[in-house]
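Undergrad: Next up, coords14.cif (mmCIF, C-alpha atoms).
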data_query
loop_
_atom_site.label_atom_id
_atom_site.label_comp_id
_atom_site.auth_asym_id
_atom_site.auth_seq_id
_atom_site.Cartn_x
_atom_site.Cartn_y
_atom_site.Cartn_z
CA MET O 279 0.00 0.00 0.00
CA LYS O 280 2.84 2.40 0.87
CA ILE O 281 4.53 1.62 -2.46
CA ARG O 282 1.35 2.50 -4.40
CA LYS O 283 1.06 5.82 -2.56
CA PHE O 284 4.73 6.56 -3.27
CA ILE O 285 4.33 5.74 -6.99
CA ALA O 286 1.18 7.89 -7.21
CA ALA O 287 2.96 10.79 -5.49
CA ALA O 288 6.00 10.38 -7.78
CA CYS O 289 3.78 10.40 -10.89
CA LEU O 290 1.98 13.54 -9.67
CA ALA O 291 5.30 15.27 -8.97
CA ALA O 292 6.65 14.28 -12.40
CA ALA O 293 3.49 15.55 -14.12
CA SER O 294 3.77 18.87 -12.26
CA PHE O 295 7.42 19.22 -13.30
CA VAL O 296 6.65 18.45 -16.96
CA ALA O 297 3.75 20.93 -16.98
CA SER O 298 5.96 23.69 -15.52
CA ALA O 299 8.75 23.00 -18.04
CA GLU O 300 6.57 23.43 -21.14
CA SER O 301 7.64 25.84 -23.82
CA SER O 302 5.73 29.03 -24.39
CA LEU O 303 5.54 31.97 -26.76
CA VAL O 304 4.02 35.20 -25.48
CA PHE O 305 3.33 38.52 -27.17
CA CYS O 306 4.22 41.74 -25.40
CA SER O 307 4.86 45.43 -25.89
CA ASP O 308 8.56 45.06 -24.99
CA ILE O 309 11.21 42.64 -23.69
CA SER O 310 13.38 43.73 -20.75
CA THR O 311 17.15 43.26 -20.63
CA ALA O 312 16.46 40.38 -18.20
CA PHE O 313 14.38 38.65 -20.92
CA LYS O 314 11.08 39.33 -19.16
CA PRO O 315 8.09 40.18 -21.35
CA GLU O 316 6.49 43.52 -20.51
CA GLY O 317 2.88 44.39 -21.38
CA VAL O 318 1.87 40.78 -22.12
CA SER O 319 -1.37 40.38 -24.05
CA ASP O 320 -2.93 38.34 -26.83
CA THR O 321 -4.50 41.44 -28.43
CA PHE O 322 -2.77 44.63 -29.60
CA ASP O 323 -3.89 47.87 -31.29
CA SER O 324 -0.59 48.22 -33.15
CA LEU O 325 1.07 46.48 -36.08
CA THR O 326 4.36 46.51 -34.13
CA VAL O 327 4.52 43.90 -31.34
CA SER O 328 7.33 42.03 -29.57
CA TRP O 329 7.30 38.31 -28.79
CA LEU O 330 9.32 36.03 -26.53
CA ALA O 331 9.56 32.24 -26.79
CA LYS O 332 10.91 30.16 -23.91
CA PHE O 333 11.94 26.56 -24.55
CA ASP O 334 12.11 23.67 -22.10
CA LYS O 335 15.71 22.98 -23.18
CA ALA O 336 18.53 24.57 -25.18
CA VAL O 337 17.96 24.87 -28.93
CA GLY O 338 20.96 22.64 -29.68
CA SER O 339 21.60 23.96 -33.21
CA ASN O 340 22.79 27.11 -34.95
CA SER O 341 19.38 28.04 -36.37
CA VAL O 342 15.63 27.72 -35.89
CA SER O 343 12.75 28.26 -38.28
CA VAL O 344 10.31 31.04 -37.39
CA SER O 345 7.00 30.94 -39.27
CA LEU O 346 4.25 33.55 -39.34
CA TYR O 347 0.75 32.34 -40.22
CA GLN O 348 -2.39 34.42 -40.68
CA ASN O 349 -5.41 32.59 -39.31
CA VAL O 350 -8.50 32.98 -41.52
CA ASP O 351 -11.55 31.00 -40.45
CA GLN O 352 -10.18 27.48 -39.81
CA THR O 353 -7.16 27.88 -42.12
CA GLN O 354 -3.58 28.98 -41.38
CA ASN O 355 -2.03 30.80 -44.34
CA LEU O 356 1.76 31.00 -44.33
CA VAL O 357 2.78 34.68 -44.52
CA ALA O 358 6.53 34.34 -43.96
CA ARG O 359 9.12 31.79 -42.86
CA GLU O 360 12.72 32.55 -42.00
CA ASN O 361 15.66 30.54 -40.71
CA VAL O 362 17.08 32.53 -37.82
CA ALA O 363 20.67 32.18 -36.58
CA VAL O 364 20.80 31.38 -32.85
CA ASN O 365 23.30 30.25 -30.26
CA PRO O 366 22.86 26.48 -29.65
CA GLN O 367 22.82 27.13 -25.88
CA TRP O 368 19.88 29.55 -26.03
CA ASN O 369 16.66 28.40 -24.38
CA CYS O 370 14.73 31.55 -25.23
CA LEU O 371 14.35 33.64 -28.35
CA GLY O 372 12.48 36.85 -28.92
CA MET O 373 11.87 39.55 -31.46
CA LYS O 374 11.51 43.15 -30.39
CA ASN O 375 9.32 45.37 -32.58
CA ALA O 376 8.13 42.69 -35.01
CA VAL O 377 5.91 44.27 -37.67
CA PHE O 378 2.74 42.47 -38.76
CA PRO O 379 1.54 43.10 -42.33
CA GLU O 380 -2.06 44.06 -41.48
CA PRO O 381 -4.69 43.64 -38.76
CA GLY O 382 -5.79 40.04 -38.21
CA ASN O 383 -5.25 36.90 -36.16
CA TYR O 384 -1.74 35.43 -36.39
CA THR O 385 0.24 32.45 -35.12
CA ILE O 386 4.02 32.45 -34.75
CA SER O 387 5.69 29.05 -34.63
CA VAL O 388 9.34 28.42 -33.72
CA ASP O 389 10.63 25.05 -34.95
CA SER O 390 13.95 23.24 -34.69
CA THR O 391 15.92 22.39 -37.82
CA ASP O 392 14.52 18.84 -37.66
CA GLY O 393 10.93 20.17 -37.70
CA GLN O 394 10.11 19.77 -33.98
CA ASN O 395 7.90 22.57 -32.66
CA LEU O 396 9.72 24.44 -29.89
CA ALA O 397 7.07 27.08 -29.13
CA GLN O 398 3.95 28.57 -30.64
CA GLY O 399 1.62 31.46 -29.82
CA THR O 400 -1.37 33.28 -31.28
CA VAL O 401 -2.12 37.00 -31.27
CA THR O 402 -4.84 39.30 -32.56
CA ILE O 403 -3.73 42.54 -34.20
CA ASN O 404 -6.53 45.11 -34.27
CA GLU O 405 -6.75 48.13 -36.53
CA PRO O 406 -4.09 50.51 -35.14
CA GLU O 407 -5.39 53.48 -33.20
CA GLU O 408 -4.86 56.84 -34.87
CA GLN O 409 -1.42 58.04 -34.00
CA GLN O 410 0.21 61.43 -34.02
CA PRO O 411 2.07 62.18 -37.24
CA ALA O 412 5.70 61.12 -36.96
CA ALA O 413 8.25 63.87 -36.54
CA ALA O 414 10.17 64.66 -39.68
CA GLY O 415 12.96 62.13 -40.10
CA ALA O 416 11.73 59.91 -37.22
CA GLN O 417 12.47 56.25 -37.74
CA PRO O 418 10.17 53.40 -36.63
CA PRO O 419 11.59 51.15 -33.88
CA LYS O 420 14.21 48.75 -35.21
CA GLN O 421 13.32 45.06 -35.23
CA GLU O 422 15.79 43.22 -32.98
CA ARG O 423 16.39 39.51 -32.26
CA VAL O 424 17.20 38.62 -28.65
CA GLY O 425 18.09 35.36 -26.92
CA ALA O 426 19.80 33.94 -23.86
CA ASP O 427 20.58 30.82 -21.90
CA LEU O 428 19.78 30.24 -18.23
CA GLU O 429 23.44 30.23 -17.17
CA SER O 430 24.11 33.72 -18.52
CA LEU O 431 20.94 35.05 -16.88
CA PHE O 432 21.93 33.46 -13.56
CA ASN O 433 25.44 34.91 -13.78
CA LYS O 434 24.02 38.34 -14.57
CA TYR O 435 21.78 38.30 -11.49
CA ASP O 436 24.43 36.68 -9.33
CA SER O 437 26.90 39.48 -10.09
CA LEU O 438 24.17 42.08 -9.47
CA VAL O 439 23.37 40.55 -6.06
CA LYS O 440 27.07 40.57 -5.13
CA LYS O 441 27.29 44.27 -6.05
CA LEU O 442 24.30 45.05 -3.82
CA LYS O 443 25.79 43.32 -0.77
#
Taking this structure as input, can you express it in the form of structure tokens?
TA:
Amino acid sequence: MKIRKFIAAACLAAASFVASAESSLVFCSDISTAFKPEGVSDTFDSLTVSWLAKFDKAVGSNSVSVSLYQNVDQTQNLVARENVAVNPQWNCLGMKNAVFPEPGNYTISVDSTDGQNLAQGTVTINEPEEQQPAAAGAQPPKQERVGADLESLFNKYDSLVKKLK
């Protein structure tokens, strides 16, 4: 009887660990220098949105495939696909200031070079609110790829904590 309870508890603990380690892709207004999404939502009133994908393990290769699909009714139409250079040790990847072609419902999928889905997320882009005219010569925000591994993030915070002591 004790063995059955132990096995049941072990299975529950394993299921909880697996659920917490799942990959995710979130949409946000910005990504902090600590790779934290800011202004997370699944709906935006702007064609320019950032996204951050977190993987349950390191990418393990020098590139990933990032696909953008527009969802129309029950169909996903491929809008763009790009192989993106990454560090094999990265376990997160993001894009600051990604520009969507038009309002609509979109899915971004990040896949490994062998076709395994690493993360996926869906966002709704509404008609942008009227904005003030841009100042003469003003440039739109530059699209920027970001990524990191857990060790570098830990070391960054560890050195910060040591400075504060």
Undergrad: Name the residues that the PyMOL selection byres ((chain O and resi 338) around 10) pulls out of this structure, and write them as a list in words.
TA: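 For this structure, the PyMOL selection byres ((chain O and resi 338) around 10) captures Lys335, Ala336, Val337, Ser339, Asn340, Ser341, Val342, Val364, Asn365, Pro366, Gln367, Trp368, Asn369, Ser390 and Thr391 of chain O.
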Undergrad: Please evaluate the PyMOL selection byres ((chain O and resi 344) around 8) against the displayed coordinates and give the resulting residues as number ranges by chain.
TA: O: 342-343, 345-346, 359-362, 386-389
Undergrad: With distances taken over all atoms listed in the file, which residue among O:Ala358, O:Ile309, O:Leu396, O:Gln352 lies nearest O:Phe333?
TA: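 Nearest candidate to O:Phe333 out of O:Ala358, O:Ile309, O:Leu396, O:Gln352: O:Leu396.
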Undergrad: Could you please determine the separation between atom CA of O:Glu316 and atom CA of O:Tyr347 in Å, to one decimal place?
TA: 23.4 Å
Undergrad: Have a look at atom CA of O:Pro381 and atom CA of O:Ala363 and let me know their distance in Å, one decimal.
TA: 27.9 Å
Undergrad: Distance atom CA of O:Asp323-atom CA of O:Glu380, one decimal place?
TA: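 These two atoms are separated by 11.0 Å.
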Undergrad: Step by step, work through what the PyMOL selection byres ((chain O and resi 330) around 6) selects in the shown file, and finish by giving those residues as a list of chain:residue names.
TA: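 Selected by the PyMOL selection byres ((chain O and resi 330) around 6) here: O:Leu303, O:Val304, O:Trp329, O:Ala331, O:Leu371, O:Gly372.
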Undergrad: To box stretch 306-320 of chain O, take all atoms listed in the file, fit an axis-aligned box, add 3 Å on each side, and give centre and edge lengths in Å to one decimal, as AutoDock Vina command-line options.
TA:
--center_x 7.1 --center_y 41.9 --center_z -22.5 --size_x 26.1 --size_y 13.1 --size_z 14.6
Undergrad: For a quick check of your reading of the model, name the residues lying within 6 Å of the coordinate (-2.8, 49.8, -32.7), counting all atoms listed in the file, and write them as JSON, numbers by chain.
TA: {"O": [323, 324, 405, 406, 407]}
Undergrad: Name the closest residue to O:Val327 among the candidates O:Ala312, O:Cys306, O:Val401, O:Cys370; distances are taken between atoms, counting only C-alpha atoms.
TA: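 That would be O:Cys306, the residue with the smallest distance to O:Val327.
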Undergrad: Extract, using only C-alpha atoms, all DNA, RNA and protein residues at most 6 Å from O:Phe305, discarding same-chain residues fewer than 3 positions from it, and format them as a ChimeraX atom specification.
TA: /O:318-319,328-329
Undergrad: Nearest residue to O:Gly399 out of O:Thr353, O:Thr321, O:Ser307, O:Thr385, using all atoms listed in the file?
TA: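 Residue with the minimum atom-to-atom distance to O:Gly399: O:Thr385.
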Undergrad: Pick from O:Gln348, O:Asp334, O:Pro315, O:Gln354: nearest to O:Ile403, with all atoms listed in the file counted?
TA: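 Among the listed residues, the smallest separation from O:Ile403 belongs to O:Gln348.
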Undergrad: O:Asn375, O:Asn383, O:Thr326, O:Ser310: which is nearest O:Asn355, counting only C-alpha atoms?
TA: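 The answer is O:Asn383, which sits nearest to O:Asn355.
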Undergrad: From the set O:Ser302, O:Thr402, O:Asp351, O:Leu356, which residue has the shortest atom-to-atom contact distance to O:Asp320, counting only C-alpha atoms?
TA: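 Counting only C-alpha atoms, the residue closest to O:Asp320 is O:Thr402.
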